[in-house]
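Okay, so here's the structure we're looking at.
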Amino acid sequence: MIITFPDGNKREYSEGNTGLEIAQSLSQKLAKEALGIFVDGVQYDLSRPIKQDANVKIVTFDNDEGKEIFWHSSAHLMAEAVEMLYPGTKFGVGPALENGFYYDMDLPEGVKLTNEHLPKIEAKMLELAQSNQLFERVEIDWQDAVNYFKEDGDPYKIELLEGLKDQEITLYKQGTFTDLCRGTHIPNTNVIKAVKLLNIAGAYWKGDSERNMLTRIYGITFPKKQMLDDYLVMKEEAEKRDHRKLGKELDLFMISPNVGAGLPIWLPKGAFIRRKLETFIKEELIRRGYEEVITPHIGNLNLYRTSGHYPYYADSQFAPIKVEDEEYLLKPMNCPHHHQIYALKPHSYRELPIRLAEFGTVYRYEQSGELNGLTRVRGFTQDDAHIYCTHEQLKSEIYNAIELTQLVFKTFGMPVSTRLSFRDENSSKYAGDLEMWENAERELTEVADEMGLDYFIGKGEASFYGPKIDFIVKDAIGRKWQLGTVQVDYVMPERFGLEYTGADNQKHRPVIIHRAPFGSMERFMSILIEHYAGNFPFWLAPTQVKILPISDKQFEYANKVSDILKQAGFRVEVDLRSEKIGRKIAESEQAKIPISLIIGQKEMDAESVSLRIHGKGDTGSKTITEIVEMFKQWDDPYFKAE
């Protein structure tokens with residue numbers, strides 16, 4: 001059989017060779033580090049025979065796919081340890097996460113785990129890992145699997161099997177533990193060298209508050225102890241930067257149970273930053289020919305039936321609202337509303353492109369266990385826009401939308417990777433015909449190549465109506481968040497009957513580009529807070545300058561300086577308390593105010609101030625004129641300090 005590698009090289013192997021044998025043929029180092037293999041895009045265990053010509057990719061812990069396999073296997077190892085320590089435990093699901101894994105479990109009556117129990121489970125996991133247990137894949141008949149878990153007395157696995165009647169069933173065994181699982185898994189437990197169980201939480205079975213409350217244990221593992229040490233240092237730093245903690249300390253936002261979970265309230269300082277971000281992007285939109293619109297927070301249910309968002313996204317939407325003889329839905333997307341604006345009147349090709357932009361608030365039903373500060377909420381605002389263009393204009397409009405998104409991340413200095421999110425040929429979830437999809441994917445790829453983007457392709461990551469370019473930001477702890485996106489859409493013009501009259505005087509369908517540089521204002525703010533650790537740049541800080549007079553003799557002069565700076569357009573506060581200057585400085589630093597201006601008798605006599613930069617300390621005396629000119633430079637989003 002002919003095996004093709006990611007770099008295009010081909011090699012001939014005997015039919016039935018395993019992934020491990022292929023890895024060994026390439027290098028012993030790769031064979032030692034390999035965790036799994038992708039065969040024509042499908043995950044295989046390294047021990048599984050390959051029986052025909054195939055494209056393969058061998059993955060290690062250096063790959064995201066390898067980490068997923070490693071952490072999924074670690075979830076099984078943790079389940080085995082818990083089962084040995086607490087016999088009679090029943091298990092729900094145990095997936096890999098972006099960083100680590102969890103397993104939901106129903107503990108025996110009388111057993112209640114707390115964080116104090118975690119070291120004991122960690123020790124058992126390491127003991128089992130060192131015993132070099134093999135992961136064994138077992139293909140099994142559906143009824144035999146049901147019988148096995150009935151005998152084992154595990155109702156959760158039986159319930160999962162009810163939804164798998166027409167699918168291939170596999171079990172995985174390692175040591176004394178057997179689980180219902182598709183895989184893939186690492187070759188053996190011995191590659192797990194470092195374990196840290198992070199915390200315990202409650203989780204309803206299948207996220208349903210009417211079902212059993214299970215115990216969820218989160219953990220993370222690594223193939224080297226140094227990796228765990230590095231992770232824990234980074235985790236400690238991330239906890240200092242946690243946007244929920246800083247949001248409270250800096251009075252940026254709140255979430256009140258009286259208002260509702262997942263519905264953030266912006267406090268004055270947080271609202272200021274958010275409006276400043278909106279102004280920043282709106283100025284760019286005006287320069288690029290966008291027109292702003294405003295649409296309602298709800299819409300007729302039939303609007304979303306036409307678009308396909310209902311019932312396609314029904315599980316993530318709030319229930320329809322009955323009003324007289326009609327049903328309405330809390331707006332899950334802005335795009336159907338914008339399509340109505342385009343359809344309001346006839347259009348000529350001479351008018352295109354039409355670019356409609358909105359900071360539109362949308363609503364999604366998220367399970368309470370999934371809510372997390374500003375990163376996962378039930379009501380959020382998108383910096384949304386929809387571009388209606390001819391096919392000839394498509395590539396230049398995609399280029400422009402990508403350039404705008406890149407500008408956002410460059411301005412804030414955020415590390416970003418680019419994913420071309422394409423359809424999965426084996427899935428039936430996508431709307432539109434194949435030719436439309438192939439055209440859209442080709443055009444996105446051409447633009448990405450022409451712009452020299454460093455991208456990877458994510459199969460199955462496309463929206464149901466079209467492929468997209470996603471911009472993925474890495475946060476303070478290395479977690480990845482999708483923020484900006486640019487999507488090509490041939491489907492919605494068909495569904496909504498959108499048209500324009502071409503140069504040939506015939507009717508044509510426009511192409512739609514969906515784009516959102518920030519993505520969600522809430523999620524962007526959460527990452528921005530953590531990215532800066534609350535130390536916002538001068539132009540973005542709610543309070544830019546704190547004036548700190550040493551004694552009451554300088555109060556009048558301090559107010560005079562404040563008035564001059566305010567008239568110049570800067571955001572200034574004056575601390576007129578009878579506190580020692582050391583305490584005033586400490587509190588200004590703690591509040592993360594970019595600039596403190598110290599005023600004593602010497603400064604007052606010279607009509608100057610002593611400039612103190614947050615995190616850097618005193619930088620010497622400046623005249624008021626020098627300060628104003630300096631601040632004017634710093635108040636520009638595109639200003640980069642030396």
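Chain labels A, B, ... are given in the sequence in which chains occur in the structure tokens; within each chain residues are numbered consecutively from 1, and ligands are likewise numbered from 1 in the order shown.
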**Item:** Test item, alpha helix (DSSP H) assignment across range 260-469 of chain A, answer as JSON, numbers by chain
**Value:** {"A": [268, 269, 270, 271, 272, 273, 274, 275, 276, 277, 278, 279, 280, 281, 282, 283, 284, 285, 286, 287, 301, 302, 303, 304, 305, 306, 307, 309, 310, 311, 312, 335, 336, 337, 338, 339, 340, 341, 342, 394, 395, 396, 397, 398, 399, 400, 401, 402, 403, 404, 405, 406, 407, 408, 409, 410, 411, 412, 434, 435, 436, 437, 438, 439, 440, 441, 442, 443, 444, 445, 446, 447, 448, 449, 450]}
Would you mind exporting the chosen residues as a short mmCIF file (atom, residue, chain, number, x, y, z; two decimals), in the first residue's frame, restricted to C-alpha atoms?
```
data_model
loop_
_atom_site.label_atom_id
_atom_site.label_comp_id
_atom_site.auth_asym_id
_atom_site.auth_seq_id
_atom_site.Cartn_x
_atom_site.Cartn_y
_atom_site.Cartn_z
CA PRO A 268 -19.03 53.03 34.18
CA LYS A 269 -15.33 52.19 33.71
CA GLY A 270 -16.02 49.00 31.76
CA ALA A 271 -18.66 50.78 29.67
CA PHE A 272 -16.13 53.48 28.86
CA ILE A 273 -13.58 50.94 27.58
CA ARG A 274 -16.23 49.16 25.55
CA ARG A 275 -17.44 52.42 23.94
CA LYS A 276 -13.83 53.38 23.24
CA LEU A 277 -13.35 50.07 21.39
CA GLU A 278 -16.54 50.69 19.43
CA THR A 279 -15.36 54.18 18.46
CA PHE A 280 -12.01 52.76 17.38
CA ILE A 281 -13.61 50.26 15.00
CA LYS A 282 -16.37 52.66 13.83
CA GLU A 283 -13.76 55.15 12.64
CA GLU A 284 -12.16 52.39 10.59
CA LEU A 285 -15.56 51.34 9.21
CA ILE A 286 -16.34 54.87 8.03
CA ARG A 287 -12.99 54.99 6.24
CA LEU A 301 -39.72 33.14 14.22
CA ASN A 302 -40.36 32.71 10.49
CA LEU A 303 -37.37 34.97 9.78
CA TYR A 304 -35.07 32.43 11.43
CA ARG A 305 -36.87 29.52 9.79
CA THR A 306 -36.03 31.08 6.42
CA SER A 307 -32.39 31.59 7.38
CA HIS A 309 -30.96 29.32 12.28
CA TYR A 310 -34.19 27.83 13.59
CA PRO A 311 -34.43 24.93 14.12
CA TYR A 312 -30.74 24.34 13.22
CA CYS A 335 -27.64 38.59 9.65
CA PRO A 336 -31.33 37.81 8.87
CA HIS A 337 -32.25 41.35 9.95
CA HIS A 338 -29.58 42.83 7.68
CA HIS A 339 -30.86 40.75 4.75
CA GLN A 340 -34.23 42.43 5.22
CA ILE A 341 -32.56 45.84 4.89
CA TYR A 342 -30.87 44.78 1.64
CA LEU A 394 -15.69 39.09 -3.67
CA LYS A 395 -11.94 38.59 -3.36
CA SER A 396 -11.14 42.28 -2.86
CA GLU A 397 -13.87 42.52 -0.19
CA ILE A 398 -12.53 39.42 1.60
CA TYR A 399 -9.07 40.99 1.46
CA ASN A 400 -10.37 44.22 2.98
CA ALA A 401 -12.25 42.39 5.77
CA ILE A 402 -9.18 40.30 6.65
CA GLU A 403 -6.98 43.40 6.65
CA LEU A 404 -9.36 45.13 9.09
CA THR A 405 -9.35 42.11 11.40
CA GLN A 406 -5.55 41.93 11.30
CA LEU A 407 -5.40 45.63 12.17
CA VAL A 408 -7.39 44.99 15.35
CA PHE A 409 -5.07 42.28 16.64
CA LYS A 410 -1.94 44.17 15.58
CA THR A 411 -3.13 47.29 17.44
CA PHE A 412 -3.59 45.36 20.67
CA LEU A 434 -21.49 21.41 -3.43
CA GLU A 435 -20.43 23.73 -6.26
CA MET A 436 -21.17 26.80 -4.09
CA TRP A 437 -19.03 25.37 -1.28
CA GLU A 438 -16.16 24.48 -3.57
CA ASN A 439 -16.16 27.99 -5.06
CA ALA A 440 -16.23 29.66 -1.65
CA GLU A 441 -13.46 27.46 -0.20
CA ARG A 442 -11.30 28.02 -3.28
CA GLU A 443 -11.75 31.79 -3.12
CA LEU A 444 -10.94 31.97 0.59
CA THR A 445 -7.80 29.90 0.01
CA GLU A 446 -6.71 32.08 -2.91
CA VAL A 447 -7.05 35.26 -0.85
CA ALA A 448 -5.22 33.68 2.11
CA ASP A 449 -2.37 32.62 -0.20
CA GLU A 450 -2.19 35.99 -1.95
#
```
**Prompt:** Do you know which residues are at most 7 Å from Lys592 in chain A counting only C-alpha atoms, after dropping those on the same chain fewer than 2 positions away, and could you put them as a PyMOL selection string?
**Reply:** chain A and resi 534-535+588-590+594+614
**Request:** Point out the residue among A:Gly458, A:Tyr557, A:Leu453, A:Val574 with the least atom-to-atom distance to Ala606 in chain A, counting only C-alpha atoms.
**Result:**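 Smallest separation from Ala606 in chain A among the options: A:Tyr557.
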Using only C-alpha atoms, I'd like a table of the residues in range 475-568 of chain A that come within 12 Å of range 229-250 of chain A; for each, show the closest atom pair and its distance in Å rounded to one decimal, ordered by chain and ascending number, as a Markdown table.
```
| residue | atom | partner | partner_atom | distance |
| --- | --- | --- | --- | --- |
| A:Asp475 | CA | A:Ala238 | CA | 8.7 |
| A:Ala476 | CA | A:Ala238 | CA | 5.7 |
| A:Ile477 | CA | A:Ala238 | CA | 5.5 |
| A:Gly478 | CA | A:Met234 | CA | 8.4 |
| A:Arg479 | CA | A:Ala238 | CA | 10.2 |
| A:Glu522 | CA | A:His243 | CA | 10.9 |
| A:Arg523 | CA | A:His243 | CA | 10.2 |
| A:Phe524 | CA | A:His243 | CA | 10.9 |
| A:Met525 | CA | A:His243 | CA | 8.5 |
| A:Ser526 | CA | A:His243 | CA | 5.5 |
| A:Ile527 | CA | A:His243 | CA | 7.4 |
| A:Leu528 | CA | A:His243 | CA | 8.5 |
| A:Ile529 | CA | A:His243 | CA | 5.6 |
| A:Glu530 | CA | A:Arg241 | CA | 4.8 |
| A:His531 | CA | A:Arg241 | CA | 7.7 |
| A:Tyr532 | CA | A:Arg241 | CA | 8.1 |
| A:Ala533 | CA | A:Arg241 | CA | 4.8 |
| A:Gly534 | CA | A:Leu246 | CA | 6.5 |
| A:Asn535 | CA | A:Arg241 | CA | 10.1 |
| A:Phe536 | CA | A:Leu250 | CA | 11.2 |
| A:Ala541 | CA | A:Leu250 | CA | 11.0 |
| A:Pro542 | CA | A:Leu250 | CA | 10.1 |
| A:Thr543 | CA | A:Leu250 | CA | 11.0 |
```
**Request:** Would you mind listing what lies within 10 Å of Gln482 in chain A as JSON, numbers by chain, with only C-alpha atoms counted and same-chain residues fewer than 5 positions away left out?
**Result:** {"A": [416, 417, 418, 419, 470, 471, 472, 473, 474, 518, 519, 520, 523, 524]}
Could you save the residues just selected, with N, CA and C atoms, as a compact mmCIF listing (two decimals), in the first residue's frame?
```txt
# COMPACT_ATOMS: atom_id res chain seq x y z
N VAL A 416 -1.97 35.80 17.33
CA VAL A 416 -3.14 35.26 16.64
C VAL A 416 -2.71 34.23 15.60
N SER A 417 -3.50 33.18 15.47
CA SER A 417 -3.30 32.20 14.40
C SER A 417 -4.54 32.22 13.51
N THR A 418 -4.40 31.71 12.30
CA THR A 418 -5.47 31.79 11.31
C THR A 418 -5.90 30.39 10.89
N ARG A 419 -7.21 30.17 10.92
CA ARG A 419 -7.76 28.87 10.50
C ARG A 419 -8.72 29.07 9.33
N ASP A 470 -11.15 32.10 10.37
CA ASP A 470 -11.26 32.41 11.79
C ASP A 470 -9.90 32.84 12.33
N PHE A 471 -9.94 33.84 13.20
CA PHE A 471 -8.73 34.34 13.84
C PHE A 471 -8.76 33.92 15.30
N ILE A 472 -7.75 33.15 15.70
CA ILE A 472 -7.74 32.50 17.00
C ILE A 472 -6.63 33.12 17.85
N VAL A 473 -7.03 33.70 18.96
CA VAL A 473 -6.10 34.41 19.84
C VAL A 473 -5.69 33.50 20.99
N LYS A 474 -4.42 33.54 21.33
CA LYS A 474 -3.91 32.78 22.48
C LYS A 474 -3.85 33.71 23.69
N PHE A 518 -13.86 41.98 16.12
CA PHE A 518 -13.77 41.66 17.54
C PHE A 518 -14.42 40.31 17.84
N GLY A 519 -15.39 39.93 17.04
CA GLY A 519 -16.15 38.71 17.33
C GLY A 519 -17.29 39.04 18.26
N SER A 520 -17.08 38.87 19.53
CA SER A 520 -18.02 39.26 20.58
C SER A 520 -17.33 40.29 21.45
N ARG A 523 -16.45 38.69 24.90
CA ARG A 523 -15.29 37.80 24.89
C ARG A 523 -14.01 38.58 24.61
N PHE A 524 -14.09 39.53 23.68
CA PHE A 524 -12.90 40.33 23.38
C PHE A 524 -12.45 41.10 24.62
```
**Asked** What is the distance, in Å and to one decimal place, between CA of Thr390 in chain A and CA of Ala431 in chain A?
**Response**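 These two atoms are separated by 20.7 Å.
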**Message:** Applying 6 Å and only C-alpha atoms, which residues near Ala75 in chain A remain after dropping the ones on its own chain fewer than 3 positions away? List them as a list in words.
**Reply:** His72, Met78 and Gly94 of chain A
Give me a file of those residues, with N, CA and C atoms, as a compact mmCIF listing (two decimals), in the first residue's frame.
```txt
# COMPACT_ATOMS: atom_id res chain seq x y z
N HIS A 72 -7.38 12.74 26.62
CA HIS A 72 -8.51 11.82 26.64
C HIS A 72 -8.11 10.51 27.32
N MET A 78 -7.61 8.40 35.01
CA MET A 78 -8.19 8.93 36.24
C MET A 78 -9.41 8.12 36.66
N GLY A 94 -15.99 11.54 29.74
CA GLY A 94 -14.69 12.08 30.15
C GLY A 94 -13.90 12.59 28.97
```
**Message:** Residues within 10 Å of Ser316 in chain A, please, as a ChimeraX atom specification. Count only C-alpha atoms; anything in the same chain fewer than 4 positions from it doesn't count.
**Reply:** /A:310-312,332,363-367,378
Taking 3 positions as the minimum chain separation for residues in the same chain, which residues sit within 12 Å of Asp563 in chain A when counting only C-alpha atoms? Answer as a PDB file with N, CA and C atoms, in the first residue's frame.
```pdb
ATOM      1  N   ILE A 547      -3.757  62.984  39.572  1.00  0.00           N
ATOM      2  CA  ILE A 547      -2.906  64.055  40.096  1.00  0.00           C
ATOM      3  C   ILE A 547      -2.853  63.931  41.614  1.00  0.00           C
ATOM      4  N   GLU A 556      -4.824  73.840  45.067  1.00  0.00           N
ATOM      5  CA  GLU A 556      -5.287  74.784  44.052  1.00  0.00           C
ATOM      6  C   GLU A 556      -4.527  74.576  42.739  1.00  0.00           C
ATOM      7  N   TYR A 557      -3.217  74.400  42.841  1.00  0.00           N
ATOM      8  CA  TYR A 557      -2.406  74.178  41.640  1.00  0.00           C
ATOM      9  C   TYR A 557      -2.770  72.843  40.981  1.00  0.00           C
ATOM     10  N   ALA A 558      -3.033  71.820  41.818  1.00  0.00           N
ATOM     11  CA  ALA A 558      -3.425  70.510  41.289  1.00  0.00           C
ATOM     12  C   ALA A 558      -4.710  70.628  40.470  1.00  0.00           C
ATOM     13  N   ASN A 559      -5.682  71.377  40.974  1.00  0.00           N
ATOM     14  CA  ASN A 559      -6.938  71.575  40.244  1.00  0.00           C
ATOM     15  C   ASN A 559      -6.713  72.350  38.948  1.00  0.00           C
ATOM     16  N   LYS A 560      -5.783  73.296  38.978  1.00  0.00           N
ATOM     17  CA  LYS A 560      -5.459  74.057  37.775  1.00  0.00           C
ATOM     18  C   LYS A 560      -4.872  73.144  36.698  1.00  0.00           C
ATOM     19  N   LYS A 566      -7.947  68.396  31.272  1.00  0.00           N
ATOM     20  CA  LYS A 566      -9.316  68.073  30.852  1.00  0.00           C
ATOM     21  C   LYS A 566      -9.703  68.856  29.602  1.00  0.00           C
ATOM     22  N   GLN A 567      -9.319  70.130  29.563  1.00  0.00           N
ATOM     23  CA  GLN A 567      -9.630  70.938  28.382  1.00  0.00           C
ATOM     24  C   GLN A 567      -8.908  70.407  27.146  1.00  0.00           C
ATOM     25  N   ALA A 568      -7.782  69.761  27.364  1.00  0.00           N
ATOM     26  CA  ALA A 568      -7.042  69.152  26.250  1.00  0.00           C
ATOM     27  C   ALA A 568      -7.627  67.793  25.870  1.00  0.00           C
ATOM     28  N   GLY A 569      -8.653  67.339  26.612  1.00  0.00           N
ATOM     29  CA  GLY A 569      -9.358  66.110  26.249  1.00  0.00           C
ATOM     30  C   GLY A 569      -8.953  64.870  27.011  1.00  0.00           C
ATOM     31  N   PHE A 570      -8.210  65.012  28.105  1.00  0.00           N
ATOM     32  CA  PHE A 570      -7.742  63.848  28.842  1.00  0.00           C
ATOM     33  C   PHE A 570      -8.632  63.572  30.055  1.00  0.00           C
ATOM     34  N   ARG A 571      -8.618  62.315  30.494  1.00  0.00           N
ATOM     35  CA  ARG A 571      -9.459  61.861  31.603  1.00  0.00           C
ATOM     36  C   ARG A 571      -8.632  61.883  32.894  1.00  0.00           C
ATOM     37  N   VAL A 572      -8.993  62.784  33.793  1.00  0.00           N
ATOM     38  CA  VAL A 572      -8.130  63.110  34.935  1.00  0.00           C
ATOM     39  C   VAL A 572      -8.920  63.046  36.240  1.00  0.00           C
ATOM     40  N   GLU A 573      -8.278  62.560  37.286  1.00  0.00           N
ATOM     41  CA  GLU A 573      -8.808  62.633  38.644  1.00  0.00           C
ATOM     42  C   GLU A 573      -7.758  63.296  39.537  1.00  0.00           C
ATOM     43  N   VAL A 574      -8.233  64.010  40.565  1.00  0.00           N
ATOM     44  CA  VAL A 574      -7.329  64.652  41.529  1.00  0.00           C
ATOM     45  C   VAL A 574      -7.596  64.052  42.904  1.00  0.00           C
ATOM     46  N   ILE A 624       3.979  71.653  32.089  1.00  0.00           N
ATOM     47  CA  ILE A 624       2.618  71.301  31.698  1.00  0.00           C
ATOM     48  C   ILE A 624       2.518  71.201  30.176  1.00  0.00           C
ATOM     49  N   VAL A 628       1.247  67.874  28.096  1.00  0.00           N
ATOM     50  CA  VAL A 628       0.120  67.873  27.149  1.00  0.00           C
ATOM     51  C   VAL A 628       0.553  67.304  25.801  1.00  0.00           C
TER      52      VAL A 628
END
```
**Request:** Would you please extract all strand (DSSP E) residues from range 491-570 of chain A, as assigned by DSSP on the backbone, and give them as a ChimeraX atom specification?
**Result:** /A:500-501,507-508,511-516,545-549
Would you save the residues from that selection as a CSV table (one decimal), in the first residue's frame, using C-alpha atoms?
```csv
chain,number,residue,atom,x,y,z
A,500,TYR,CA,-29.2,42.9,-8.0
A,501,THR,CA,-29.5,43.9,-11.6
A,507,LYS,CA,-31.1,39.5,-12.2
A,508,HIS,CA,-28.2,38.0,-10.2
A,511,VAL,CA,-22.5,37.1,-2.5
A,512,ILE,CA,-22.5,37.9,1.2
A,513,ILE,CA,-19.5,38.3,3.5
A,514,HIS,CA,-20.2,38.0,7.2
A,515,ARG,CA,-17.4,39.6,9.2
A,516,ALA,CA,-16.7,40.6,12.9
A,545,VAL,CA,-4.1,60.5,34.9
A,546,LYS,CA,-4.2,60.8,38.7
A,547,ILE,CA,-2.9,64.1,40.1
A,548,LEU,CA,-1.4,63.6,43.6
A,549,PRO,CA,-0.6,66.8,45.5
```
**Fill in**
From the list A:Ile186, A:Leu483, A:Ala145, A:Leu77, the nearest residue to Ser47 in chain A using only C-alpha atoms is A:Ile186
**Request:** Write out as an MDAnalysis selection string the residues lying within 6 Å of Pro49 in chain A, counting only C-alpha atoms and excluding same-chain residues fewer than 5 positions away.
**Result:** chainID A and resid 16:18
Any chance you could export the current selection's N, CA and C atoms as an mmCIF file, in the first residue's frame?
```cif
data_model
loop_
_atom_site.group_PDB
_atom_site.id
_atom_site.type_symbol
_atom_site.label_atom_id
_atom_site.label_comp_id
_atom_site.auth_asym_id
_atom_site.auth_seq_id
_atom_site.Cartn_x
_atom_site.Cartn_y
_atom_site.Cartn_z
ATOM 1 N N GLY A 16 -1.559 -3.708 6.165
ATOM 2 C CA GLY A 16 -1.726 -4.151 7.544
ATOM 3 C C GLY A 16 -0.683 -3.603 8.496
ATOM 4 N N ASN A 17 0.311 -2.871 7.958
ATOM 5 C CA ASN A 17 1.255 -2.197 8.869
ATOM 6 C C ASN A 17 0.494 -1.229 9.775
ATOM 7 N N THR A 18 0.976 -1.094 11.004
ATOM 8 C CA THR A 18 0.323 -0.200 11.969
ATOM 9 C C THR A 18 0.958 1.189 11.928
#
```
**Message:** Measuring between only C-alpha atoms, which one of A:Lys193, A:His76, A:Lys468, A:His391 shows the shortest distance to Leu180 in chain A?
**Reply:** A:His76
**Item:** Pick from A:Lys602, A:Arg583, A:Lys124, A:Arg355 nearest to Gln554 in chain A, counting only C-alpha atoms
**Value:** A:Lys602
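Between CA of Pro493 in chain A and CA of Glu351 in chain A the separation is 16.6 Å.
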**Message:** Please compute the CA of Glu65 in chain A-CA of Gly41 in chain A distance, one decimal, in Å.
**Reply:**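 Between CA of Glu65 in chain A and CA of Gly41 in chain A the gap is 11.3 Å.
In this comparison, which uses only C-alpha atoms, the residue of A:Asn372, A:Thr619, A:Ser348, A:Thr89 approaching Gly153 in chain A most closely is A:Thr89.
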